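Chemist: Pasting coords.pdb below, which is PDB, C-alpha atoms.
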```
ATOM      1  CA  MET A1194     126.551 146.762 154.457
ATOM      2  CA  PRO A1195     126.208 148.862 151.292
ATOM      3  CA  TYR A1196     126.261 147.150 147.923
ATOM      4  CA  GLN A1197     129.732 146.828 146.470
ATOM      5  CA  PRO A1198     129.778 147.029 142.645
ATOM      6  CA  VAL A1199     131.578 144.205 140.904
ATOM      7  CA  ASP A1200     132.680 143.754 137.295
ATOM      8  CA  CYS A1201     130.874 140.437 136.822
ATOM      9  CA  TRP A1202     132.167 140.028 133.248
ATOM     10  CA  ASN A1203     135.780 139.828 134.382
ATOM     11  CA  LEU A1204     135.483 137.494 137.367
ATOM     12  CA  THR A1205     137.463 134.264 137.262
ATOM     13  CA  PRO A1206     135.646 130.908 137.182
ATOM     14  CA  GLU A1207     136.607 130.406 140.823
ATOM     15  CA  GLU A1208     135.181 133.781 141.813
ATOM     16  CA  LEU A1209     131.959 133.084 139.932
ATOM     17  CA  THR A1210     131.614 129.734 141.707
ATOM     18  CA  GLN A1211     132.066 131.423 145.072
ATOM     19  CA  ARG A1212     129.419 133.984 144.203
ATOM     20  CA  ARG A1213     126.977 131.294 143.063
ATOM     21  CA  LEU A1214     127.424 129.214 146.206
ATOM     22  CA  LYS A1215     127.059 132.285 148.401
ATOM     23  CA  GLU A1216     123.754 133.181 146.737
ATOM     24  CA  VAL A1217     122.395 129.631 146.913
ATOM     25  CA  ARG A1218     123.162 129.418 150.640
ATOM     26  CA  VAL A1219     120.660 132.223 151.263
ATOM     27  CA  ALA A1220     117.694 130.058 150.183
ATOM     28  CA  PRO A1221     118.865 126.617 149.001
ATOM     29  CA  ASP A1222     115.410 124.980 149.089
ATOM     30  CA  MET A1223     113.858 127.729 147.001
ATOM     31  CA  TYR A1224     116.548 127.562 144.335
ATOM     32  CA  GLN A1225     116.269 123.771 144.156
ATOM     33  CA  VAL A1226     112.480 123.817 143.833
ATOM     34  CA  VAL A1227     112.380 126.578 141.222
ATOM     35  CA  GLY A1228     115.113 124.895 139.190
ATOM     36  CA  MET A1229     113.366 121.518 139.230
ATOM     37  CA  PHE A1230     110.011 123.071 138.369
ATOM     38  CA  MET A1231     111.365 124.954 135.364
ATOM     39  CA  ARG A1232     113.265 121.896 134.162
ATOM     40  CA  TRP A1233     110.238 119.563 134.187
ATOM     41  CA  PHE A1234     107.857 122.173 132.796
ATOM     42  CA  GLY A1235     110.256 122.545 129.882
ATOM     43  CA  GLU A1236     110.316 118.766 129.436
ATOM     44  CA  VAL A1237     106.494 118.698 129.242
ATOM     45  CA  GLU A1238     106.467 121.536 126.726
ATOM     46  CA  LEU A1239     108.995 119.661 124.602
ATOM     47  CA  GLN A1240     106.716 116.619 124.505
ATOM     48  CA  ILE A1241     103.792 118.813 123.443
ATOM     49  CA  ASP A1242     105.969 120.031 120.562
ATOM     50  CA  ARG A1243     106.968 116.469 119.750
ATOM     51  CA  ASN A1244     103.352 115.305 119.519
ATOM     52  CA  THR A1245     102.447 118.248 117.294
ATOM     53  CA  MET A1246     105.359 117.572 114.946
ATOM     54  CA  HIS A1247     104.507 113.885 114.654
ATOM     55  CA  ILE A1248     100.860 114.584 113.828
ATOM     56  CA  LEU A1249     101.887 117.154 111.208
ATOM     57  CA  LYS A1250     104.300 114.553 109.786
ATOM     58  CA  MET A1251     107.309 116.789 110.408
ATOM     59  CA  THR A1252     109.359 113.723 111.274
ATOM     60  CA  ASP A1253     112.362 114.101 108.970
ATOM     61  CA  ASN A1254     113.448 117.572 110.037
ATOM     62  CA  PHE A1255     112.432 119.193 113.316
ATOM     63  CA  GLU A1256     114.166 122.511 112.665
ATOM     64  CA  PRO A1257     111.337 124.218 110.671
ATOM     65  CA  TYR A1258     108.945 123.647 113.553
ATOM     66  CA  GLY A1259     111.508 125.100 115.929
ATOM     67  CA  PHE A1260     111.780 128.241 113.811
ATOM     68  CA  MET A1261     107.993 128.598 113.576
ATOM     69  CA  THR A1262     107.361 128.219 117.305
ATOM     70  CA  TYR A1263     110.372 130.158 118.587
ATOM     71  CA  ARG A1264     109.165 132.203 121.579
ATOM     72  CA  THR A1265     105.615 130.879 121.153
ATOM     73  CA  GLN A1266     103.673 131.016 124.425
ATOM     74  CA  PHE A1267     102.751 127.736 126.074
ATOM     75  CA  ASN A1268      98.981 128.211 125.734
ATOM     76  CA  GLN A1269      99.419 128.799 122.007
ATOM     77  CA  LYS A1270     101.325 125.523 121.710
ATOM     78  CA  TRP A1271      98.619 123.679 123.628
ATOM     79  CA  GLU A1272      95.926 125.156 121.363
ATOM     80  CA  MET A1273      97.984 124.181 118.299
ATOM     81  CA  LEU A1274      98.218 120.592 119.525
ATOM     82  CA  ARG A1275      94.485 120.461 120.235
ATOM     83  CA  ARG A1276      93.616 121.754 116.771
ATOM     84  CA  VAL A1277      95.928 119.451 114.834
ATOM     85  CA  MET A1278      94.663 116.447 116.797
ATOM     86  CA  ILE A1279      91.057 117.210 115.908
ATOM     87  CA  GLU A1280      91.584 118.373 112.345
ATOM     88  CA  THR A1281      93.932 115.615 111.200
ATOM     89  CA  ALA A1282      91.543 112.968 112.442
ATOM     90  CA  GLN A1283      88.636 114.701 110.692
ATOM     91  CA  GLN A1284      90.582 114.718 107.420
ATOM     92  CA  LYS A1285      90.576 110.942 107.592
ATOM     93  CA  GLU A1286      86.774 110.942 107.870
ATOM     94  CA  LYS A1287      86.948 110.031 111.520
ATOM     95  CA  LYS A1288      85.436 111.737 114.493
ATOM     96  CA  GLY A1289      88.488 113.540 115.702
ATOM     97  CA  ARG A1290      88.537 114.002 119.443
ATOM     98  CA  ILE A1291      90.797 114.112 122.460
ATOM     99  CA  GLY A1292      90.038 111.637 125.227
ATOM    100  CA  PRO A1293      89.076 112.701 128.766
ATOM    101  CA  ASN A1294      92.370 111.634 130.369
ATOM    102  CA  LEU A1295      94.437 113.777 128.007
ATOM    103  CA  THR A1296      91.953 116.678 128.013
ATOM    104  CA  GLY A1297      91.814 116.842 131.804
ATOM    105  CA  ARG A1298      95.585 116.856 132.165
ATOM    106  CA  LEU A1299      96.211 119.434 129.466
ATOM    107  CA  ASN A1300      93.549 121.675 131.023
ATOM    108  CA  PHE A1301      95.103 121.250 134.476
ATOM    109  CA  LEU A1302      98.499 122.106 133.028
ATOM    110  CA  SER A1303      97.146 125.154 131.216
ATOM    111  CA  THR A1304      94.842 126.627 133.857
ATOM    112  CA  ARG A1305      96.642 125.692 137.062
ATOM    113  CA  ILE A1306     100.316 124.941 136.528
ATOM    114  CA  ASN A1307     101.105 127.408 133.745
ATOM    115  CA  PRO A1308     100.036 130.375 135.957
ATOM    116  CA  LEU A1309     102.349 128.963 138.625
ATOM    117  CA  ARG A1310     105.198 129.077 136.128
ATOM    118  CA  THR A1311     104.301 132.706 135.413
ATOM    119  CA  ASN A1312     104.598 133.447 139.126
ATOM    120  CA  PHE A1313     108.008 131.783 139.323
ATOM    121  CA  ALA A1314     109.217 133.718 136.288
ATOM    122  CA  HIS A1315     107.714 137.166 136.857
ATOM    123  CA  LYS A1316     107.349 137.682 140.599
ATOM    124  CA  VAL A1317     109.981 138.508 143.183
ATOM    125  CA  LEU A1318     110.546 135.223 144.999
ATOM    126  CA  SER A1319     111.068 135.325 148.729
ATOM    127  CA  SER A1320     111.720 132.289 150.914
ATOM    128  CA  LYS A1321     110.507 132.168 154.495
ATOM    129  CA  GLY A1322     110.249 128.942 156.451
ATOM    130  CA  ASN A1323     108.748 126.272 154.215
ATOM    131  CA  ARG A1324     107.070 128.822 151.922
ATOM    132  CA  ILE A1325     108.014 130.534 148.686
ATOM    133  CA  TYR A1326     106.249 133.888 148.389
ATOM    134  CA  PHE A1327     105.387 135.557 145.074
ATOM    135  CA  CYS A1328     105.989 139.216 145.858
ATOM    136  CA  HIS A1329     105.060 142.215 143.717
ATOM    137  CA  THR A1330     104.381 145.927 144.134
ATOM    138  CA  GLY A1331     100.998 145.333 145.740
ATOM    139  CA  ALA A1332     102.039 142.595 148.133
ATOM    140  CA  MET A1333     105.439 142.323 149.786
ATOM    141  CA  LEU A1334     106.883 140.736 152.894
ATOM    142  CA  ASP A1335     107.496 144.072 154.574
ATOM    143  CA  PRO A1336     109.108 144.196 158.002
ATOM    144  CA  LYS A1337     106.806 147.100 158.902
ATOM    145  CA  PRO A1338     103.787 148.894 157.356
ATOM    146  CA  ILE A1339     104.491 151.560 154.767
ATOM    147  CA  ALA A1340     102.197 154.202 153.275
ATOM    148  CA  GLU A1341     102.584 152.929 149.702
ATOM    149  CA  ARG A1342     100.894 149.614 150.605
ATOM    150  CA  PRO A1343      98.053 150.525 152.981
ATOM    151  CA  SER A1344      96.289 147.169 152.725
ATOM    152  CA  GLN A1345      99.416 145.311 153.824
ATOM    153  CA  ALA A1346      98.236 142.332 151.740
ATOM    154  CA  GLU A1347     100.405 139.263 152.139
ATOM    155  CA  PRO A1348     101.724 137.870 148.854
ATOM    156  CA  LYS A1349     100.505 134.513 147.638
ATOM    157  CA  HIS A1350     102.722 131.556 148.354
ATOM    158  CA  ILE A1351     103.362 127.909 147.693
ATOM    159  CA  THR A1352     104.908 125.572 150.228
ATOM    160  CA  LEU A1353     107.936 123.455 149.438
ATOM    161  CA  ASP A1354     105.841 120.285 149.738
ATOM    162  CA  GLU A1355     103.183 121.649 147.381
ATOM    163  CA  ALA A1356     105.827 122.658 144.871
ATOM    164  CA  MET A1357     107.364 119.192 145.044
ATOM    165  CA  GLN A1358     103.953 117.645 144.322
ATOM    166  CA  VAL A1359     103.734 119.767 141.176
ATOM    167  CA  ILE A1360     107.255 118.815 140.107
ATOM    168  CA  LEU A1361     106.512 115.101 140.471
ATOM    169  CA  TRP A1362     103.257 115.560 138.527
ATOM    170  CA  LEU A1363     105.091 117.318 135.698
ATOM    171  CA  GLU A1364     107.631 114.505 135.544
ATOM    172  CA  ALA A1365     104.872 111.884 135.343
ATOM    173  CA  PHE A1366     102.929 113.834 132.710
ATOM    174  CA  MET A1367     106.078 114.186 130.630
ATOM    175  CA  TYR A1368     106.277 110.392 130.412
ATOM    176  CA  ASP A1369     102.570 110.224 129.530
ATOM    177  CA  LEU A1370     103.084 112.650 126.651
ATOM    178  CA  SER A1371     106.241 110.872 125.537
ATOM    179  CA  GLU A1372     104.359 107.587 125.291
ATOM    180  CA  LEU A1373     101.599 109.334 123.348
ATOM    181  CA  ALA A1374     104.188 110.740 120.943
ATOM    182  CA  ASP A1375     105.653 107.266 120.416
ATOM    183  CA  GLY A1376     102.220 106.212 119.142
ATOM    184  CA  THR A1377     102.025 109.047 116.606
ATOM    185  CA  TRP A1378     105.460 108.518 115.040
ATOM    186  CA  LYS A1379     104.903 107.951 111.292
ATOM    187  CA  LYS A1380     101.496 106.354 111.895
ATOM    188  CA  PRO A1381      97.963 107.186 110.661
ATOM    189  CA  PRO A1382      96.034 109.480 113.041
ATOM    190  CA  PRO A1383      93.826 107.607 115.512
ATOM    191  CA  GLN A1384      90.155 108.287 116.013
ATOM    192  CA  THR A1385      90.835 109.430 119.549
ATOM    193  CA  TYR A1386      94.040 110.805 121.027
ATOM    194  CA  GLU A1387      94.200 109.536 124.573
ATOM    195  CA  ILE A1388      96.434 108.480 127.466
ATOM    196  CA  ASP A1389      95.067 105.053 128.303
ATOM    197  CA  ARG A1390      97.037 104.402 131.498
ATOM    198  CA  PRO A1391      98.127 107.795 132.836
ATOM    199  CA  ARG A1392     101.032 108.016 135.241
ATOM    200  CA  SER A1393     100.041 111.562 136.207
ATOM    201  CA  TYR A1394      97.215 111.496 138.740
ATOM    202  CA  LEU A1395      94.943 114.532 138.846
ATOM    203  CA  PRO A1396      94.155 115.975 142.300
ATOM    204  CA  ALA A1397      90.686 115.281 143.671
ATOM    205  CA  VAL A1398      90.207 118.989 144.434
ATOM    206  CA  SER A1399      91.869 122.094 143.049
ATOM    207  CA  PRO A1400      95.120 122.739 144.960
ATOM    208  CA  ARG A1401      95.120 125.542 147.526
ATOM    209  CA  TRP A1402      97.790 127.514 145.654
ATOM    210  CA  ALA A1403      95.667 127.463 142.464
ATOM    211  CA  LEU A1404      92.363 128.641 143.906
ATOM    212  CA  ASP A1405      93.003 132.377 143.606
ATOM    213  CA  ASP A1406      94.715 132.422 140.217
TER     214      ASP A1406
END
```
Just give me the structure of the file as structure tokens.
Modeler:
Amino acid sequence: MPYQPVDCWNLTPEELTQRRLKEVRVAPDMYQVVGMFMRWFGEVELQIDRNTMHILKMTDNFEPYGFMTYRTQFNQKWEMLRRVMIETAQQKEKKGRIGPNLTGRLNFLSTRINPLRTNFAHKVLSSKGNRIYFCHTGAMLDPKPIAERPSQAEPKHITLDEAMQVILWLEAFMYDLSELADGTWKKPPPQTYEIDRPRSYLPAVSPRWALDD
């Protein structure tokens, strides 16, 4: 059936609801997983901002920090947090450092999970069975070979179970960072910034979906 143009700006609330439900029915698991992932990644990023603001003593007005970091990339925020943790402790004539629990989790977030977010945001998502495929011009789920993609490479994917593991990890790490931020609220900088009893367990081996990124 050919595409029928629609004036989306003049649909009624009821018509918009019908359209939304129709779209979700096509791949309900994929939409749920992507929505949960983006929500909890945002929560983690907010806690990174919160820790940075506390260390910089921006505790009376958060808005200037929001203006300064508007549209700042995640890796830049992580590097900002790392630097302020080290430098503020050094200013107090202490050996400023970040403990291994916090370092390992921030590195895992930066090198493994942040690229996954990039895939969710910038690839064409396709749901098939229990997999979410990250399609792009060089790798698509084509029904038949075409000349423009001679290698017929299959796009990378993540399973629904793997994605749910990541979502639960992000939720746990958010609480770890929140507890860390509670300890930096209007207090002198510690010698070591650390998560003493982490809720977020790191995987014993690098996840399958992260090996090729």
Chemist: Hey, can you check how far CA of Glu1216 in chain A sits from CA of Arg1305 in chain A?
Modeler: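 Separation of CA of Glu1216 in chain A and CA of Arg1305 in chain A: 29.7 Å.
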Chemist: Any idea what the distance is between CA of Ile1360 in chain A and CA of Met1229 in chain A?
Modeler: 6.7 Å
Chemist: Give as a compact mmCIF listing (two decimals) with C-alpha atoms, in the coordinates of the input the set of residues within 10 Å of the point (96.3, 118.8, 127.0), where distances use the file's coordinates and all atoms listed in the file.
Modeler:
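File result22.txt, as written:
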```txt
# COMPACT_ATOMS: atom_id res chain seq x y z
CA ILE A 1241 103.79 118.81 123.44
CA ASN A 1268 98.98 128.21 125.73
CA LYS A 1270 101.32 125.52 121.71
CA TRP A 1271 98.62 123.68 123.63
CA GLU A 1272 95.93 125.16 121.36
CA LEU A 1274 98.22 120.59 119.52
CA ARG A 1275 94.48 120.46 120.24
CA ILE A 1291 90.80 114.11 122.46
CA GLY A 1292 90.04 111.64 125.23
CA PRO A 1293 89.08 112.70 128.77
CA ASN A 1294 92.37 111.63 130.37
CA LEU A 1295 94.44 113.78 128.01
CA THR A 1296 91.95 116.68 128.01
CA GLY A 1297 91.81 116.84 131.80
CA ARG A 1298 95.58 116.86 132.16
CA LEU A 1299 96.21 119.43 129.47
CA ASN A 1300 93.55 121.68 131.02
CA PHE A 1301 95.10 121.25 134.48
CA LEU A 1302 98.50 122.11 133.03
CA SER A 1303 97.15 125.15 131.22
CA LEU A 1370 103.08 112.65 126.65
CA GLU A 1387 94.20 109.54 124.57
```
Chemist: Report the residues retrieved by the PyMOL selection byres ((chain A and resi 1345-1359) around 8) from the displayed file, expressed as a PyMOL selection string.
Modeler: chain A and resi 1222-1223+1226+1230+1306+1323-1329+1331-1334+1338+1342-1344+1360-1363+1402
Chemist: Given the file shown, enumerate the residues that the PyMOL selection byres ((chain A and resi 1392) around 7) captures and present them as an mmCIF file with C-alpha atoms, in the coordinates of the input.
Modeler:
```cif
data_model
loop_
_atom_site.group_PDB
_atom_site.id
_atom_site.type_symbol
_atom_site.label_atom_id
_atom_site.label_comp_id
_atom_site.auth_asym_id
_atom_site.auth_seq_id
_atom_site.Cartn_x
_atom_site.Cartn_y
_atom_site.Cartn_z
ATOM 1 C CA ALA A 1365 104.872 111.884 135.343
ATOM 2 C CA PHE A 1366 102.929 113.834 132.710
ATOM 3 C CA ASP A 1369 102.570 110.224 129.530
ATOM 4 C CA ARG A 1390 97.037 104.402 131.498
ATOM 5 C CA PRO A 1391 98.127 107.795 132.836
ATOM 6 C CA SER A 1393 100.041 111.562 136.207
ATOM 7 C CA TYR A 1394 97.215 111.496 138.740
#
```
Chemist: What are the centre and edge lengths in Å, to one decimal, of the axis-aligned box around all listed atoms of range 1368-1386 of chain A with 8 Å added on each side, as JSON?
Modeler:
```
{"center_x": 98.2, "center_y": 109.4, "center_z": 120.5, "size_x": 32.1, "size_y": 22.4, "size_z": 35.8}
```
Chemist: Of the residues A:Gly1322, A:Pro1400, A:Pro1221, A:Pro1381, which is the one nearest to Met1278 in chain A, using all atoms listed in the file?
Modeler: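 Once distances to Met1278 in chain A are computed over all atoms listed in the file, the minimum belongs to A:Pro1381.
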Chemist: Calculate how many Å separate CA of Arg1243 in chain A from CA of Tyr1386 in chain A, rounding to one decimal.
Modeler: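 That distance, rounded to one decimal, is 14.2 Å.
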Chemist: Given the file shown, enumerate the residues that the PyMOL selection byres ((chain A and resi 1234) around 9) captures and present them as number ranges by chain.
Modeler: A: 1229-1233, 1235-1239, 1306-1307, 1310, 1360, 1363-1364, 1367
Chemist: Tell me, counting all atoms listed in the file, for each residue of range 1296-1385 of chain A within 8 Å of range 1245-1251 of chain A, which pair of atoms is nearest and how far apart they are in Å to one decimal, in rows ordered by chain and increasing number, as a tab-separated table.
Modeler:
```
residue	atom	partner	partner_atom	distance
A:Ala1374	CA	A:His1247	CA	7.0
A:Thr1377	CA	A:His1247	CA	5.8
A:Trp1378	CA	A:His1247	CA	5.5
A:Lys1379	CA	A:Lys1250	CA	6.8
A:Pro1382	CA	A:Ile1248	CA	7.1
```
Chemist: Which residue out of A:Thr1311, A:Ser1399, A:Thr1385, A:Ser1371 has the minimum interatomic distance to Val1227 in chain A when all atoms listed in the file are used?
Modeler: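 Counting all atoms listed in the file, the residue closest to Val1227 in chain A is A:Thr1311.
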Chemist: So, with all atoms listed in the file as the atoms that count, which of A:Pro1206, A:Ala1314, A:Thr1265, A:Ala1397 lies closest to Gly1228 in chain A?
Modeler: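 Of A:Pro1206, A:Ala1314, A:Thr1265, A:Ala1397, the one nearest Gly1228 in chain A, counting all atoms listed in the file, is A:Ala1314.
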Chemist: Since the input is missing atoms, can you rebuild all heavy atoms for range 1211-1222 of chain A and write them as a short mmCIF file (atom, residue, chain, number, x, y, z; two decimals), in the frame of the given file?
Modeler:
```
data_model
loop_
_atom_site.label_atom_id
_atom_site.label_comp_id
_atom_site.auth_asym_id
_atom_site.auth_seq_id
_atom_site.Cartn_x
_atom_site.Cartn_y
_atom_site.Cartn_z
N GLN A 1211 132.25 130.94 143.70
CA GLN A 1211 132.07 131.42 145.07
C GLN A 1211 130.81 132.28 145.19
O GLN A 1211 130.03 132.15 146.15
CB GLN A 1211 133.30 132.22 145.51
CG GLN A 1211 134.55 131.37 145.70
CD GLN A 1211 135.78 132.20 146.00
OE1 GLN A 1211 135.71 133.43 146.09
NE2 GLN A 1211 136.92 131.55 146.16
N ARG A 1212 130.60 133.13 144.20
CA ARG A 1212 129.42 133.98 144.20
C ARG A 1212 128.14 133.15 144.11
O ARG A 1212 127.13 133.43 144.77
CB ARG A 1212 129.49 134.96 143.03
CG ARG A 1212 130.60 135.99 143.16
CD ARG A 1212 130.11 137.20 143.91
NE ARG A 1212 131.16 138.18 144.06
CZ ARG A 1212 130.96 139.45 144.40
NH1 ARG A 1212 129.72 139.87 144.63
NH2 ARG A 1212 131.95 140.30 144.55
N ARG A 1213 128.16 132.15 143.24
CA ARG A 1213 126.98 131.29 143.06
C ARG A 1213 126.65 130.55 144.35
O ARG A 1213 125.49 130.51 144.78
CB ARG A 1213 127.22 130.30 141.92
CG ARG A 1213 126.11 129.28 141.74
CD ARG A 1213 126.32 128.45 140.50
NE ARG A 1213 127.62 127.82 140.45
CZ ARG A 1213 127.94 126.69 141.09
NH1 ARG A 1213 127.03 126.08 141.84
NH2 ARG A 1213 129.14 126.17 141.00
N LEU A 1214 127.66 129.96 144.98
CA LEU A 1214 127.42 129.21 146.21
C LEU A 1214 126.95 130.12 147.34
O LEU A 1214 126.11 129.73 148.15
CB LEU A 1214 128.71 128.48 146.61
CG LEU A 1214 129.17 127.37 145.65
CD1 LEU A 1214 130.49 126.78 146.11
CD2 LEU A 1214 128.11 126.28 145.53
N LYS A 1215 127.48 131.33 147.37
CA LYS A 1215 127.06 132.28 148.40
C LYS A 1215 125.59 132.63 148.24
O LYS A 1215 124.83 132.69 149.21
CB LYS A 1215 127.92 133.55 148.31
CG LYS A 1215 127.54 134.62 149.34
CD LYS A 1215 128.42 135.85 149.17
CE LYS A 1215 128.02 136.94 150.17
NZ LYS A 1215 128.86 138.16 150.02
N GLU A 1216 125.15 132.84 146.99
CA GLU A 1216 123.75 133.18 146.74
C GLU A 1216 122.84 132.01 147.07
O GLU A 1216 121.78 132.19 147.68
CB GLU A 1216 123.58 133.59 145.27
CG GLU A 1216 122.17 133.95 144.87
CD GLU A 1216 121.68 135.23 145.53
OE1 GLU A 1216 122.51 136.06 145.95
OE2 GLU A 1216 120.45 135.39 145.62
N VAL A 1217 123.22 130.82 146.68
CA VAL A 1217 122.40 129.63 146.91
C VAL A 1217 122.21 129.37 148.40
O VAL A 1217 121.15 128.92 148.85
CB VAL A 1217 123.00 128.41 146.21
CG1 VAL A 1217 122.31 127.12 146.65
CG2 VAL A 1217 122.89 128.57 144.70
N ARG A 1218 123.25 129.66 149.20
CA ARG A 1218 123.16 129.42 150.64
C ARG A 1218 122.09 130.26 151.31
O ARG A 1218 121.59 129.91 152.38
CB ARG A 1218 124.53 129.68 151.30
CG ARG A 1218 125.53 128.55 151.15
CD ARG A 1218 126.68 128.70 152.13
NE ARG A 1218 127.50 129.87 151.83
CZ ARG A 1218 128.55 129.87 151.03
NH1 ARG A 1218 128.94 128.75 150.43
NH2 ARG A 1218 129.24 130.97 150.82
N VAL A 1219 121.69 131.37 150.68
CA VAL A 1219 120.66 132.22 151.26
C VAL A 1219 119.32 131.51 151.32
O VAL A 1219 118.57 131.62 152.29
CB VAL A 1219 120.54 133.53 150.45
CG1 VAL A 1219 119.38 134.38 150.96
CG2 VAL A 1219 121.85 134.31 150.50
N ALA A 1220 118.99 130.76 150.25
CA ALA A 1220 117.69 130.06 150.18
C ALA A 1220 117.85 128.80 149.33
O ALA A 1220 117.32 128.73 148.22
CB ALA A 1220 116.62 130.97 149.61
N PRO A 1221 118.57 127.80 149.83
CA PRO A 1221 118.86 126.62 149.00
C PRO A 1221 117.62 125.86 148.56
O PRO A 1221 117.54 125.39 147.42
CB PRO A 1221 119.76 125.76 149.91
CG PRO A 1221 119.46 126.23 151.31
CD PRO A 1221 119.15 127.68 151.17
N ASP A 1222 116.62 125.73 149.45
CA ASP A 1222 115.41 124.98 149.09
C ASP A 1222 114.66 125.68 147.96
O ASP A 1222 114.15 125.03 147.04
CB ASP A 1222 114.50 124.82 150.31
CG ASP A 1222 115.09 123.90 151.36
OD1 ASP A 1222 115.88 123.01 150.99
OD2 ASP A 1222 114.78 124.08 152.56
#
```
